[in-house]
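Working notes, beginning with the structure itself.
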Amino acid sequence: MTYQAPVEDIAFTLKHAAGMGDALAQGLYGDLDADLIDAVLGEAGKFASDVIAPLNQIGDKHGTPFKDGAVTMPPGWKEAYTSWAAAGWNGLAAPEAFGGQALPHALNAACTEMWNAASMAFGIGPVLTMGAVEALAVHGSDDLKRIYLPKLVSGAWTGSMQLTEPQAGSDVGALRTKAERQGDGSYRITGQKIFITYGEHDLTDNIVHLVLARLPDAPPGTRGISLFLVPKFLVNADGSLGARNDARCHSIEHKLGIHGSPTCTMVFGDDGGATGYLIGEENRGLACMFTMMNLARLSVGLQGVAIAERATQAALAYARERKQMGHAIVDYPDVKRMLLTMRAQTRAARAICYATAVAIDRSHRLQGDDAKHAHERASLLTPVAKAFSTDTGVEIASLGVQVHGGMGYVEETGAAQHLRDARIAPIYEGTNGIQAIDLVTRKLPQSDGATVNGTIKELRAIVGKVQAANDPAFGATGARLLEAVDALDRATQWMLTHIKSDENAALAGATPYLRLFGLAAGGCMLADEALAAQRIGEAADAAGRVSLARFFAEHCVTAASGLERSATEGAESVNSKAFES
């Protein structure tokens with residue numbers, strides 16, 4: 001089964017669970033209104049469903065052949081990308097000064113989900129270009145912005161993000177790529193990068209690489225990293241393309257999934273060094289790159305939502321058609337349980353990701369303390385959005401295979417591809433373990449814990465509204481959510497204490513803590529969405545949303561107490577000597 005973008009569900013979550021409706025009412029988005037949001041989402045859904053989705057299996061089977069230093073993209077992909085860029089989708093949230101539409105990041109996030117659900121291998125390419133736009137717009141010189149941003153915003157050129165080296169994965173401070181100052185203000189870049197997504201392709205006539213490198217006199221570690229713009233082709237004074245830069249793809253990786261996305265080993269300096277241009281200040285490159293990385297982390301979280309949505313659609317369609325013992329398998333309770341798990345967990349992850357995007361919008365559009373609070377909220381939610389959602393993508397894609405049974409284990413139905421594609425998302429843009437570490441060591445202590453405590457207070461308010469509704473249709477939703485929020489609160493206070501007094505204990509419990517956070521937040525957001533649907537009426541599928549919120553609370557959120565124990569009581573067993581020899 002191919003993908004049909006769930007535009008109405010996406011719009012409802014965006015407005016009622018993620019907080020975009022409140023932001024509209026507050027005038028945060030100027031003259032933007034709900035009708036325009038619906039129109040944009042509708043057009044994006046059509047393009048994703050009708051143009052990109054049919055290319056998904058083609059990309060998986062064809063891959064990205066590499067010959068003589070060049071990558072050939074799968075049949076139909078260049079035409080689809082050209083049409084996608086021409087429609088303005090690449091510049092949806094980009095600055096108007098460079099040809100963008102300056103629409104909300106939250107709206108772009110919803111579209112990003114649809115591009116990636118249609119084809120995860122297709123959707124990851126634009127994510128990197130949008131990140132390059134963000135980093136260059138914030139940190140680039142006026143000349144670099146003038147030359148490169150209009151082309152990147154339009155999608156005429158694409159961007160890549162180049163951090164990883166053979167000896168330096170998560171330990172970015174160990175990178176060895178070198179940069180040497182030149183007399184004309186440029187830099188000469190030499191070195192090797194690996195696992196570079198869309199480092200080479202034939203979709204556009206230029207690729208703008210953002211490369212981390214180290215100057216000869218740089219201090220050691222992460223304090224000595226600078227960021228450089230290194231184009232595939234140099235750009236002449238009149239804006240035309242000039243000579244080929246000394247940057248090339250050496251090879252591509254043969255991967256478990258996302259076969260339509262070229263993952264490249266890049267070499268700089270075969271002929272003396274690639275010409276690069278400094279972005280930001282020398283030795284401050286990691287801060288510049290994090291502007292790009294944080295956007296990429298949310299986008300990868302959206303990939304998790306996307307692949308979960310596509311896997312859910314395929315499993316539900318198969319369950320309705322497949323008959324066993326005279327009944328469609330969708331009628332059997334255990335299959336219903338799996339399908340409900342798939343749908344509920346997907347929507348919970350979607351709500352968390354969209355709420356993160358709305359917080360980013362608030363941080364950009366508000367001023368003073370309000371902007372600071374919104375920035376801290378976005379920072380708190382980003383690791384949860386990335387890790388919880390990508391774990392969800394894998395879990396739901398695996399359940400999709402299970403629903404298909406034997407037909408899921410063969411390639412014919414596409415269920416196996418969903419699982420293969422989903423498995424990369426918990427790894428790249430910072431492994432989910434790193435996201436958990438970031439959450440407990442950097443994000444919880446923000447403003448001495450005020451940000452996370454304020455978020456927990458908001459979750460308690462939602463629980464209170466569910467309980468006050470006193471609606472039998474919610475079943476035990478209020479009670480289960482209260483237990484989860486209480487567990488999250490206790491675990492949070494434990495983490496805030498132990499990150500200061502016993503960091504190893506906190507780190508040992510970081511991953512179950514993040515999972516607990518995701519379940520509590522996702523469950524409350526689903527319940528808030530259900531309450532909103534009840535206020536609106538039948539057109540919002542109130543009964544269905546209440547049932548789904550109840551299922552998530554009674555079948556998924558019940559893991560909260562165990563996760564709290566793992567997070568707060570399991571450090572000694574994790575830090576044992578079991579692997580010493």
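Just remember, in the structure tokens the first chain shown is A, the second B, etc., residues are 1-based per chain, and ligands are 1-based in the order shown.
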
Show me, as a ChimeraX atom specification, the residues that have an atom within 10 Å of Arg244 (chain A) when counting only C-alpha atoms, minus same-chain residues fewer than 2 positions from it. /A:206,231-235,241-242,246-248,274

Take the residues from that selection and write them out as a PDB file, in the first residue's frame, keeping C-alpha atoms.
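Result saved to result22.pdb:
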```
ATOM      1  CA  ASN A 206      26.014  22.484  -6.886  1.00  0.00           C
ATOM      2  CA  PRO A 231      31.072  24.382  -2.278  1.00  0.00           C
ATOM      3  CA  LYS A 232      31.317  21.523  -4.739  1.00  0.00           C
ATOM      4  CA  PHE A 233      31.821  24.152  -7.464  1.00  0.00           C
ATOM      5  CA  LEU A 234      33.309  27.555  -6.748  1.00  0.00           C
ATOM      6  CA  VAL A 235      31.088  30.507  -7.568  1.00  0.00           C
ATOM      7  CA  LEU A 241      29.511  28.288 -11.387  1.00  0.00           C
ATOM      8  CA  GLY A 242      33.267  28.233 -11.739  1.00  0.00           C
ATOM      9  CA  ASP A 246      38.997  20.023  -4.454  1.00  0.00           C
ATOM     10  CA  ALA A 247      36.208  18.140  -2.659  1.00  0.00           C
ATOM     11  CA  ARG A 248      34.966  14.797  -3.916  1.00  0.00           C
ATOM     12  CA  ALA A 274      39.531  22.565  -1.040  1.00  0.00           C
TER      13      ALA A 274
END
```

Shell around Ala532 (chain A) at 12 Å using only C-alpha atoms, local window under 3 positions removed, as a ChimeraX atom specification: /A:12-13,15-19,21,462,465-466,469,525-529,535-543,545-546

Name the closest residue to Ile396 (chain A) among the candidates A:Ala306, A:Ala371, A:Leu482, A:Ala476; distances are taken between atoms, counting only C-alpha atoms.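 Ranking A:Ala306, A:Ala371, A:Leu482, A:Ala476 by distance to Ile396 (chain A), first place goes to A:Ala306.
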
Step one, run DSSP on the backbone; step two, keep only residues of region 303-460 of chain A assigned to alpha helix (DSSP H); then write them as a short mmCIF file (atom, residue, chain, number, x, y, z; two decimals) with N, CA and C atoms, in the first residue's frame.
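Dumped to selection17.cif:
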```
data_model
loop_
_atom_site.label_atom_id
_atom_site.label_comp_id
_atom_site.auth_asym_id
_atom_site.auth_seq_id
_atom_site.Cartn_x
_atom_site.Cartn_y
_atom_site.Cartn_z
N GLN A 303 11.14 12.13 11.27
CA GLN A 303 11.30 10.92 10.46
C GLN A 303 10.75 9.70 11.19
N GLY A 304 11.00 9.65 12.50
CA GLY A 304 10.44 8.55 13.28
C GLY A 304 8.93 8.54 13.24
N VAL A 305 8.31 9.73 13.38
CA VAL A 305 6.86 9.84 13.27
C VAL A 305 6.42 9.41 11.87
N ALA A 306 7.15 9.86 10.87
CA ALA A 306 6.77 9.60 9.47
C ALA A 306 6.77 8.12 9.14
N ILE A 307 7.83 7.42 9.51
CA ILE A 307 7.91 6.01 9.17
C ILE A 307 6.89 5.21 9.99
N ALA A 308 6.61 5.68 11.21
CA ALA A 308 5.58 5.03 12.02
C ALA A 308 4.21 5.21 11.38
N GLU A 309 3.92 6.39 10.89
CA GLU A 309 2.64 6.65 10.22
C GLU A 309 2.50 5.77 8.98
N ARG A 310 3.55 5.70 8.19
CA ARG A 310 3.45 4.90 6.96
C ARG A 310 3.30 3.42 7.29
N ALA A 311 4.04 2.93 8.27
CA ALA A 311 3.92 1.53 8.68
C ALA A 311 2.53 1.23 9.21
N THR A 312 1.96 2.17 9.97
CA THR A 312 0.62 1.99 10.51
C THR A 312 -0.41 1.90 9.40
N GLN A 313 -0.33 2.80 8.44
CA GLN A 313 -1.28 2.77 7.32
C GLN A 313 -1.21 1.43 6.58
N ALA A 314 0.00 0.96 6.33
CA ALA A 314 0.16 -0.29 5.59
C ALA A 314 -0.38 -1.48 6.39
N ALA A 315 -0.10 -1.50 7.69
CA ALA A 315 -0.56 -2.62 8.53
C ALA A 315 -2.08 -2.64 8.64
N LEU A 316 -2.68 -1.48 8.81
CA LEU A 316 -4.14 -1.41 8.93
C LEU A 316 -4.81 -1.87 7.63
N ALA A 317 -4.28 -1.43 6.50
CA ALA A 317 -4.86 -1.84 5.22
C ALA A 317 -4.76 -3.35 5.03
N TYR A 318 -3.61 -3.92 5.40
CA TYR A 318 -3.43 -5.37 5.26
C TYR A 318 -4.36 -6.12 6.20
N ALA A 319 -4.48 -5.64 7.44
CA ALA A 319 -5.32 -6.33 8.44
C ALA A 319 -6.78 -6.33 8.02
N ARG A 320 -7.21 -5.33 7.33
CA ARG A 320 -8.60 -5.28 6.86
C ARG A 320 -8.85 -6.22 5.69
N GLU A 321 -7.81 -6.52 4.93
CA GLU A 321 -7.96 -7.37 3.75
C GLU A 321 -7.67 -8.84 4.03
N PRO A 333 -8.60 -9.57 18.72
CA PRO A 333 -8.17 -8.63 19.76
C PRO A 333 -6.67 -8.33 19.76
N ASP A 334 -5.82 -9.34 19.55
CA ASP A 334 -4.39 -9.06 19.62
C ASP A 334 -3.93 -8.21 18.44
N VAL A 335 -4.54 -8.41 17.29
CA VAL A 335 -4.21 -7.56 16.14
C VAL A 335 -4.72 -6.14 16.39
N LYS A 336 -5.91 -6.01 16.98
CA LYS A 336 -6.40 -4.69 17.35
C LYS A 336 -5.43 -4.00 18.31
N ARG A 337 -4.93 -4.78 19.28
CA ARG A 337 -3.99 -4.21 20.24
C ARG A 337 -2.75 -3.67 19.53
N MET A 338 -2.21 -4.44 18.59
CA MET A 338 -1.03 -3.98 17.87
C MET A 338 -1.32 -2.73 17.05
N LEU A 339 -2.45 -2.73 16.35
CA LEU A 339 -2.79 -1.58 15.51
C LEU A 339 -3.05 -0.33 16.35
N LEU A 340 -3.72 -0.51 17.49
CA LEU A 340 -3.96 0.64 18.36
C LEU A 340 -2.65 1.17 18.95
N THR A 341 -1.75 0.26 19.30
CA THR A 341 -0.43 0.68 19.77
C THR A 341 0.27 1.50 18.71
N MET A 342 0.20 1.03 17.48
CA MET A 342 0.86 1.73 16.38
C MET A 342 0.28 3.13 16.21
N ARG A 343 -1.02 3.22 16.16
CA ARG A 343 -1.65 4.53 15.91
C ARG A 343 -1.44 5.48 17.10
N ALA A 344 -1.64 4.97 18.32
CA ALA A 344 -1.54 5.84 19.50
C ALA A 344 -0.12 6.33 19.71
N GLN A 345 0.85 5.44 19.57
CA GLN A 345 2.23 5.85 19.81
C GLN A 345 2.70 6.81 18.72
N THR A 346 2.26 6.59 17.50
CA THR A 346 2.61 7.51 16.41
C THR A 346 2.08 8.90 16.69
N ARG A 347 0.81 8.98 17.11
CA ARG A 347 0.23 10.30 17.35
C ARG A 347 0.84 10.98 18.57
N ALA A 348 1.22 10.21 19.58
CA ALA A 348 1.88 10.80 20.75
C ALA A 348 3.23 11.40 20.34
N ALA A 349 3.99 10.66 19.54
CA ALA A 349 5.29 11.17 19.08
C ALA A 349 5.10 12.41 18.21
N ARG A 350 4.09 12.39 17.36
CA ARG A 350 3.80 13.56 16.51
C ARG A 350 3.53 14.78 17.38
N ALA A 351 2.72 14.63 18.40
CA ALA A 351 2.38 15.76 19.26
C ALA A 351 3.63 16.34 19.92
N ILE A 352 4.53 15.48 20.39
CA ILE A 352 5.76 15.96 21.03
C ILE A 352 6.61 16.73 20.04
N CYS A 353 6.76 16.21 18.83
CA CYS A 353 7.58 16.89 17.82
C CYS A 353 6.98 18.23 17.43
N TYR A 354 5.68 18.26 17.22
CA TYR A 354 5.05 19.53 16.83
C TYR A 354 5.11 20.55 17.96
N ALA A 355 4.96 20.10 19.20
CA ALA A 355 5.08 21.01 20.34
C ALA A 355 6.48 21.60 20.41
N THR A 356 7.48 20.81 20.08
CA THR A 356 8.86 21.31 20.03
C THR A 356 8.99 22.39 18.98
N ALA A 357 8.39 22.16 17.81
CA ALA A 357 8.47 23.14 16.73
C ALA A 357 7.77 24.44 17.10
N VAL A 358 6.63 24.35 17.76
CA VAL A 358 5.93 25.57 18.20
C VAL A 358 6.79 26.33 19.21
N ALA A 359 7.46 25.61 20.10
CA ALA A 359 8.36 26.27 21.06
C ALA A 359 9.50 26.98 20.33
N ILE A 360 10.02 26.39 19.27
CA ILE A 360 11.05 27.05 18.47
C ILE A 360 10.51 28.33 17.86
N ASP A 361 9.30 28.26 17.31
CA ASP A 361 8.68 29.47 16.77
C ASP A 361 8.57 30.57 17.83
N ARG A 362 8.13 30.19 19.00
CA ARG A 362 7.98 31.18 20.08
C ARG A 362 9.34 31.80 20.43
N SER A 363 10.38 30.98 20.45
CA SER A 363 11.71 31.50 20.79
C SER A 363 12.20 32.50 19.76
N HIS A 364 11.77 32.34 18.51
CA HIS A 364 12.19 33.25 17.44
C HIS A 364 11.33 34.50 17.36
N ARG A 365 10.06 34.40 17.77
CA ARG A 365 9.12 35.49 17.52
C ARG A 365 8.77 36.32 18.75
N GLY A 368 12.73 39.10 24.90
CA GLY A 368 13.10 39.12 26.31
C GLY A 368 12.95 37.78 27.00
N ASP A 369 12.40 37.82 28.22
CA ASP A 369 12.25 36.60 29.02
C ASP A 369 11.33 35.59 28.36
N ASP A 370 10.32 36.07 27.65
CA ASP A 370 9.41 35.15 26.97
C ASP A 370 10.17 34.32 25.93
N ALA A 371 11.05 34.96 25.19
CA ALA A 371 11.85 34.25 24.19
C ALA A 371 12.80 33.27 24.88
N LYS A 372 13.38 33.68 25.99
CA LYS A 372 14.30 32.80 26.73
C LYS A 372 13.56 31.55 27.23
N HIS A 373 12.38 31.76 27.79
CA HIS A 373 11.62 30.62 28.30
C HIS A 373 11.24 29.67 27.17
N ALA A 374 10.85 30.23 26.02
CA ALA A 374 10.49 29.39 24.88
C ALA A 374 11.70 28.63 24.35
N HIS A 375 12.85 29.30 24.32
CA HIS A 375 14.08 28.62 23.88
C HIS A 375 14.42 27.46 24.80
N GLU A 376 14.28 27.68 26.11
CA GLU A 376 14.59 26.60 27.06
C GLU A 376 13.59 25.46 26.93
N ARG A 377 12.35 25.78 26.66
CA ARG A 377 11.35 24.72 26.46
C ARG A 377 11.67 23.91 25.21
N ALA A 378 12.02 24.60 24.12
CA ALA A 378 12.40 23.88 22.90
C ALA A 378 13.64 23.02 23.14
N SER A 379 14.60 23.56 23.88
CA SER A 379 15.81 22.80 24.19
C SER A 379 15.50 21.56 25.03
N LEU A 380 14.56 21.70 25.97
CA LEU A 380 14.16 20.56 26.80
C LEU A 380 13.48 19.48 25.97
N LEU A 381 12.60 19.89 25.07
CA LEU A 381 11.82 18.91 24.31
C LEU A 381 12.59 18.28 23.16
N THR A 382 13.62 18.95 22.64
CA THR A 382 14.30 18.44 21.44
C THR A 382 14.87 17.04 21.62
N PRO A 383 15.63 16.74 22.69
CA PRO A 383 16.13 15.36 22.81
C PRO A 383 15.01 14.34 22.99
N VAL A 384 13.91 14.74 23.63
CA VAL A 384 12.77 13.82 23.78
C VAL A 384 12.13 13.58 22.41
N ALA A 385 11.95 14.66 21.65
CA ALA A 385 11.35 14.53 20.33
C ALA A 385 12.20 13.63 19.45
N LYS A 386 13.50 13.82 19.47
CA LYS A 386 14.38 13.01 18.62
C LYS A 386 14.38 11.55 19.05
N ALA A 387 14.63 11.30 20.32
CA ALA A 387 14.83 9.92 20.78
C ALA A 387 13.52 9.15 20.91
N PHE A 388 12.53 9.73 21.58
CA PHE A 388 11.27 9.01 21.76
C PHE A 388 10.62 8.71 20.41
N SER A 389 10.67 9.66 19.50
CA SER A 389 9.99 9.48 18.22
C SER A 389 10.71 8.49 17.32
N THR A 390 12.04 8.49 17.34
CA THR A 390 12.75 7.53 16.49
C THR A 390 12.70 6.12 17.06
N ASP A 391 12.72 6.00 18.39
CA ASP A 391 12.47 4.68 18.99
C ASP A 391 11.07 4.20 18.60
N THR A 392 10.11 5.11 18.63
CA THR A 392 8.76 4.78 18.21
C THR A 392 8.73 4.30 16.77
N GLY A 393 9.47 4.97 15.90
CA GLY A 393 9.50 4.55 14.50
C GLY A 393 9.94 3.11 14.33
N VAL A 394 10.98 2.71 15.06
CA VAL A 394 11.46 1.33 14.98
C VAL A 394 10.43 0.36 15.55
N GLU A 395 9.89 0.69 16.71
CA GLU A 395 8.92 -0.20 17.36
C GLU A 395 7.68 -0.39 16.48
N ILE A 396 7.19 0.71 15.91
CA ILE A 396 5.97 0.63 15.12
C ILE A 396 6.23 -0.08 13.79
N ALA A 397 7.37 0.18 13.17
CA ALA A 397 7.70 -0.54 11.94
C ALA A 397 7.84 -2.04 12.20
N SER A 398 8.39 -2.40 13.36
CA SER A 398 8.50 -3.82 13.72
C SER A 398 7.13 -4.43 13.94
N LEU A 399 6.25 -3.71 14.61
CA LEU A 399 4.87 -4.19 14.77
C LEU A 399 4.19 -4.33 13.42
N GLY A 400 4.51 -3.44 12.50
CA GLY A 400 3.94 -3.53 11.16
C GLY A 400 4.30 -4.83 10.47
N VAL A 401 5.55 -5.25 10.63
CA VAL A 401 5.97 -6.55 10.10
C VAL A 401 5.17 -7.66 10.76
N GLN A 402 4.97 -7.54 12.07
CA GLN A 402 4.25 -8.58 12.81
C GLN A 402 2.80 -8.70 12.34
N VAL A 403 2.15 -7.56 12.13
CA VAL A 403 0.77 -7.59 11.66
C VAL A 403 0.68 -8.27 10.30
N HIS A 404 1.65 -8.03 9.45
CA HIS A 404 1.68 -8.67 8.13
C HIS A 404 2.01 -10.16 8.21
N ALA A 415 6.60 -3.76 4.08
CA ALA A 415 6.71 -3.65 5.54
C ALA A 415 8.16 -3.80 6.00
N ALA A 416 8.90 -4.67 5.33
CA ALA A 416 10.30 -4.87 5.71
C ALA A 416 11.13 -3.61 5.43
N GLN A 417 10.83 -2.92 4.34
CA GLN A 417 11.55 -1.68 4.05
C GLN A 417 11.33 -0.64 5.13
N HIS A 418 10.12 -0.53 5.62
CA HIS A 418 9.84 0.43 6.69
C HIS A 418 10.74 0.18 7.90
N LEU A 419 10.89 -1.09 8.27
CA LEU A 419 11.73 -1.42 9.42
C LEU A 419 13.19 -1.14 9.12
N ARG A 420 13.63 -1.49 7.91
CA ARG A 420 15.03 -1.22 7.56
C ARG A 420 15.31 0.28 7.54
N ASP A 421 14.40 1.04 6.97
CA ASP A 421 14.58 2.48 6.91
C ASP A 421 14.56 3.11 8.30
N ALA A 422 13.65 2.66 9.14
CA ALA A 422 13.47 3.27 10.46
C ALA A 422 14.70 3.12 11.34
N ASN A 432 20.47 8.00 20.32
CA ASN A 432 19.44 8.26 21.34
C ASN A 432 20.00 8.22 22.76
N GLY A 433 21.07 7.46 22.96
CA GLY A 433 21.74 7.50 24.25
C GLY A 433 22.33 8.87 24.53
N ILE A 434 22.89 9.49 23.49
CA ILE A 434 23.43 10.84 23.65
C ILE A 434 22.31 11.85 23.91
N GLN A 435 21.17 11.64 23.27
CA GLN A 435 20.03 12.52 23.54
C GLN A 435 19.61 12.42 25.01
N ALA A 436 19.61 11.22 25.55
CA ALA A 436 19.24 11.03 26.96
C ALA A 436 20.25 11.71 27.88
N ILE A 437 21.54 11.59 27.56
CA ILE A 437 22.57 12.26 28.35
C ILE A 437 22.39 13.77 28.29
N ASP A 438 22.13 14.28 27.09
CA ASP A 438 21.91 15.71 26.91
C ASP A 438 20.72 16.18 27.74
N ALA A 450 13.71 25.11 36.63
CA ALA A 450 12.42 25.78 36.49
C ALA A 450 11.71 25.39 35.19
N THR A 451 12.47 25.17 34.12
CA THR A 451 11.84 24.85 32.83
C THR A 451 11.16 23.49 32.88
N VAL A 452 11.87 22.48 33.36
CA VAL A 452 11.27 21.16 33.41
C VAL A 452 10.14 21.11 34.43
N ASN A 453 10.31 21.78 35.55
CA ASN A 453 9.23 21.79 36.54
C ASN A 453 8.00 22.51 36.03
N GLY A 454 8.20 23.57 35.25
CA GLY A 454 7.07 24.24 34.64
C GLY A 454 6.35 23.35 33.64
N THR A 455 7.12 22.55 32.90
CA THR A 455 6.51 21.62 31.95
C THR A 455 5.69 20.55 32.66
N ILE A 456 6.22 20.03 33.76
CA ILE A 456 5.48 19.04 34.55
C ILE A 456 4.20 19.65 35.10
N LYS A 457 4.28 20.90 35.51
CA LYS A 457 3.07 21.59 36.00
C LYS A 457 2.01 21.66 34.90
N GLU A 458 2.42 21.91 33.67
CA GLU A 458 1.48 21.96 32.55
C GLU A 458 0.84 20.58 32.32
N LEU A 459 1.64 19.53 32.44
CA LEU A 459 1.10 18.17 32.28
C LEU A 459 0.08 17.88 33.38
N ARG A 460 0.36 18.31 34.60
CA ARG A 460 -0.59 18.11 35.70
C ARG A 460 -1.92 18.83 35.42
#
```

Pick from A:Thr177, A:Thr222, A:Gln446, A:Asn283: nearest to Glu165 (chain A), with only C-alpha atoms counted? A:Thr177

Taking only residues of region 65-139 of chain A that have an atom at most 12 Å from an atom of region 284-298 of chain A, what is each one's shortest atom pair and its distance in Å to one decimal, using only C-alpha atoms, in chain and number order, as JSON lines?
```
{"residue": "A:Ala93", "atom": "CA", "partner": "A:Leu295", "partner_atom": "CA", "distance": 11.9}
{"residue": "A:His105", "atom": "CA", "partner": "A:Leu295", "partner_atom": "CA", "distance": 9.6}
{"residue": "A:Ala106", "atom": "CA", "partner": "A:Leu298", "partner_atom": "CA", "distance": 10.7}
{"residue": "A:Asn108", "atom": "CA", "partner": "A:Leu295", "partner_atom": "CA", "distance": 11.2}
{"residue": "A:Ala109", "atom": "CA", "partner": "A:Leu298", "partner_atom": "CA", "distance": 8.3}
{"residue": "A:Ala110", "atom": "CA", "partner": "A:Leu298", "partner_atom": "CA", "distance": 11.3}
{"residue": "A:Thr112", "atom": "CA", "partner": "A:Leu298", "partner_atom": "CA", "distance": 10.0}
{"residue": "A:Glu113", "atom": "CA", "partner": "A:Leu298", "partner_atom": "CA", "distance": 10.4}
{"residue": "A:Gly123", "atom": "CA", "partner": "A:Ala296", "partner_atom": "CA", "distance": 11.7}
{"residue": "A:Ile124", "atom": "CA", "partner": "A:Ala296", "partner_atom": "CA", "distance": 9.1}
{"residue": "A:Gly125", "atom": "CA", "partner": "A:Ala296", "partner_atom": "CA", "distance": 10.7}
{"residue": "A:Pro126", "atom": "CA", "partner": "A:Ala296", "partner_atom": "CA", "distance": 10.3}
{"residue": "A:Val127", "atom": "CA", "partner": "A:Ala296", "partner_atom": "CA", "distance": 6.5}
{"residue": "A:Leu128", "atom": "CA", "partner": "A:Ala296", "partner_atom": "CA", "distance": 6.9}
{"residue": "A:Thr129", "atom": "CA", "partner": "A:Met292", "partner_atom": "CA", "distance": 9.4}
{"residue": "A:Met130", "atom": "CA", "partner": "A:Met292", "partner_atom": "CA", "distance": 8.2}
{"residue": "A:Gly131", "atom": "CA", "partner": "A:Met292", "partner_atom": "CA", "distance": 4.5}
{"residue": "A:Ala132", "atom": "CA", "partner": "A:Met292", "partner_atom": "CA", "distance": 6.1}
{"residue": "A:Val133", "atom": "CA", "partner": "A:Met292", "partner_atom": "CA", "distance": 8.2}
{"residue": "A:Glu134", "atom": "CA", "partner": "A:Met292", "partner_atom": "CA", "distance": 6.3}
{"residue": "A:Ala135", "atom": "CA", "partner": "A:Met292", "partner_atom": "CA", "distance": 5.3}
{"residue": "A:Leu136", "atom": "CA", "partner": "A:Cys288", "partner_atom": "CA", "distance": 8.5}
{"residue": "A:Ala137", "atom": "CA", "partner": "A:Thr291", "partner_atom": "CA", "distance": 10.0}
{"residue": "A:Val138", "atom": "CA", "partner": "A:Thr291", "partner_atom": "CA", "distance": 8.1}
{"residue": "A:His139", "atom": "CA", "partner": "A:Cys288", "partner_atom": "CA", "distance": 6.4}
```

Deliver the residues from the most recent selection as a file, using N, CA and C atoms, as a compact mmCIF listing (two decimals), in the first residue's frame.
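Output (part.txt):
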```txt
# COMPACT_ATOMS: atom_id res chain seq x y z
N ALA A 93 9.99 27.93 5.50
CA ALA A 93 10.26 28.65 6.75
C ALA A 93 11.49 29.55 6.65
N HIS A 105 8.04 27.52 11.67
CA HIS A 105 8.78 26.24 11.71
C HIS A 105 7.83 25.08 11.99
N ALA A 106 6.79 25.35 12.79
CA ALA A 106 5.85 24.27 13.10
C ALA A 106 5.12 23.79 11.86
N ASN A 108 6.34 24.00 8.81
CA ASN A 108 7.36 23.28 8.05
C ASN A 108 7.61 21.90 8.63
N ALA A 109 7.54 21.78 9.96
CA ALA A 109 7.73 20.48 10.61
C ALA A 109 6.66 19.49 10.16
N ALA A 110 5.41 19.96 10.07
CA ALA A 110 4.33 19.08 9.61
C ALA A 110 4.57 18.63 8.18
N THR A 112 7.54 18.45 6.78
CA THR A 112 8.70 17.55 6.84
C THR A 112 8.27 16.13 7.16
N GLU A 113 7.31 15.98 8.08
CA GLU A 113 6.79 14.64 8.34
C GLU A 113 6.25 14.00 7.07
N GLY A 123 13.17 12.49 1.85
CA GLY A 123 12.92 13.58 2.79
C GLY A 123 14.13 14.04 3.57
N ILE A 124 15.13 13.19 3.78
CA ILE A 124 16.28 13.59 4.58
C ILE A 124 17.15 14.59 3.85
N GLY A 125 17.16 14.59 2.52
CA GLY A 125 17.99 15.54 1.77
C GLY A 125 17.61 16.99 2.04
N PRO A 126 16.36 17.37 1.85
CA PRO A 126 15.95 18.74 2.15
C PRO A 126 16.17 19.15 3.61
N VAL A 127 16.10 18.22 4.53
CA VAL A 127 16.35 18.53 5.94
C VAL A 127 17.73 19.17 6.10
N LEU A 128 18.72 18.62 5.39
CA LEU A 128 20.08 19.12 5.51
C LEU A 128 20.22 20.49 4.85
N THR A 129 19.54 20.69 3.73
CA THR A 129 19.58 22.01 3.09
C THR A 129 18.94 23.06 3.97
N MET A 130 17.79 22.73 4.56
CA MET A 130 17.13 23.68 5.45
C MET A 130 18.01 24.00 6.66
N GLY A 131 18.72 23.01 7.16
CA GLY A 131 19.64 23.25 8.27
C GLY A 131 20.79 24.16 7.86
N ALA A 132 21.31 23.96 6.66
CA ALA A 132 22.38 24.82 6.16
C ALA A 132 21.89 26.26 6.02
N VAL A 133 20.66 26.43 5.55
CA VAL A 133 20.06 27.77 5.45
C VAL A 133 20.02 28.42 6.83
N GLU A 134 19.56 27.67 7.83
CA GLU A 134 19.44 28.21 9.18
C GLU A 134 20.80 28.63 9.73
N ALA A 135 21.81 27.76 9.58
CA ALA A 135 23.14 28.06 10.11
C ALA A 135 23.76 29.26 9.40
N LEU A 136 23.61 29.32 8.09
CA LEU A 136 24.20 30.41 7.32
C LEU A 136 23.49 31.73 7.59
N ALA A 137 22.16 31.68 7.72
CA ALA A 137 21.39 32.89 8.00
C ALA A 137 21.76 33.49 9.35
N VAL A 138 22.06 32.65 10.33
CA VAL A 138 22.37 33.12 11.68
C VAL A 138 23.83 33.53 11.81
N HIS A 139 24.75 32.77 11.20
CA HIS A 139 26.17 32.93 11.48
C HIS A 139 27.01 33.39 10.28
```

Name all residues at most 9 Å from Gln57 (chain A) (count only C-alpha atoms; drop same-chain ones fewer than 2 positions away) and give them as a ChimeraX atom specification. /A:53-55,59-62,119,260,414,417

Could you tell me how far CA of Phe228 (chain A) lies from CA of Trp77 (chain A), in Å and to one decimal?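 Computed distance, CA of Phe228 (chain A) to CA of Trp77 (chain A), equals 29.0 Å.
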
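Take CA of Ala87 (chain A) and CA of Val40 (chain A): the distance between them is 11.3 Å.
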
Select, from A:Asn575, A:Lys193, A:Ser170, A:Ala117, the residue with the minimum atom-to-atom distance to Ala48 (chain A), counting only C-alpha atoms.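 With only C-alpha atoms as the atom set, the closest residue is A:Ala117.
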
Quick one, how far is CA of His201 (chain A) from CA of Ala80 (chain A)? 14.1 Å
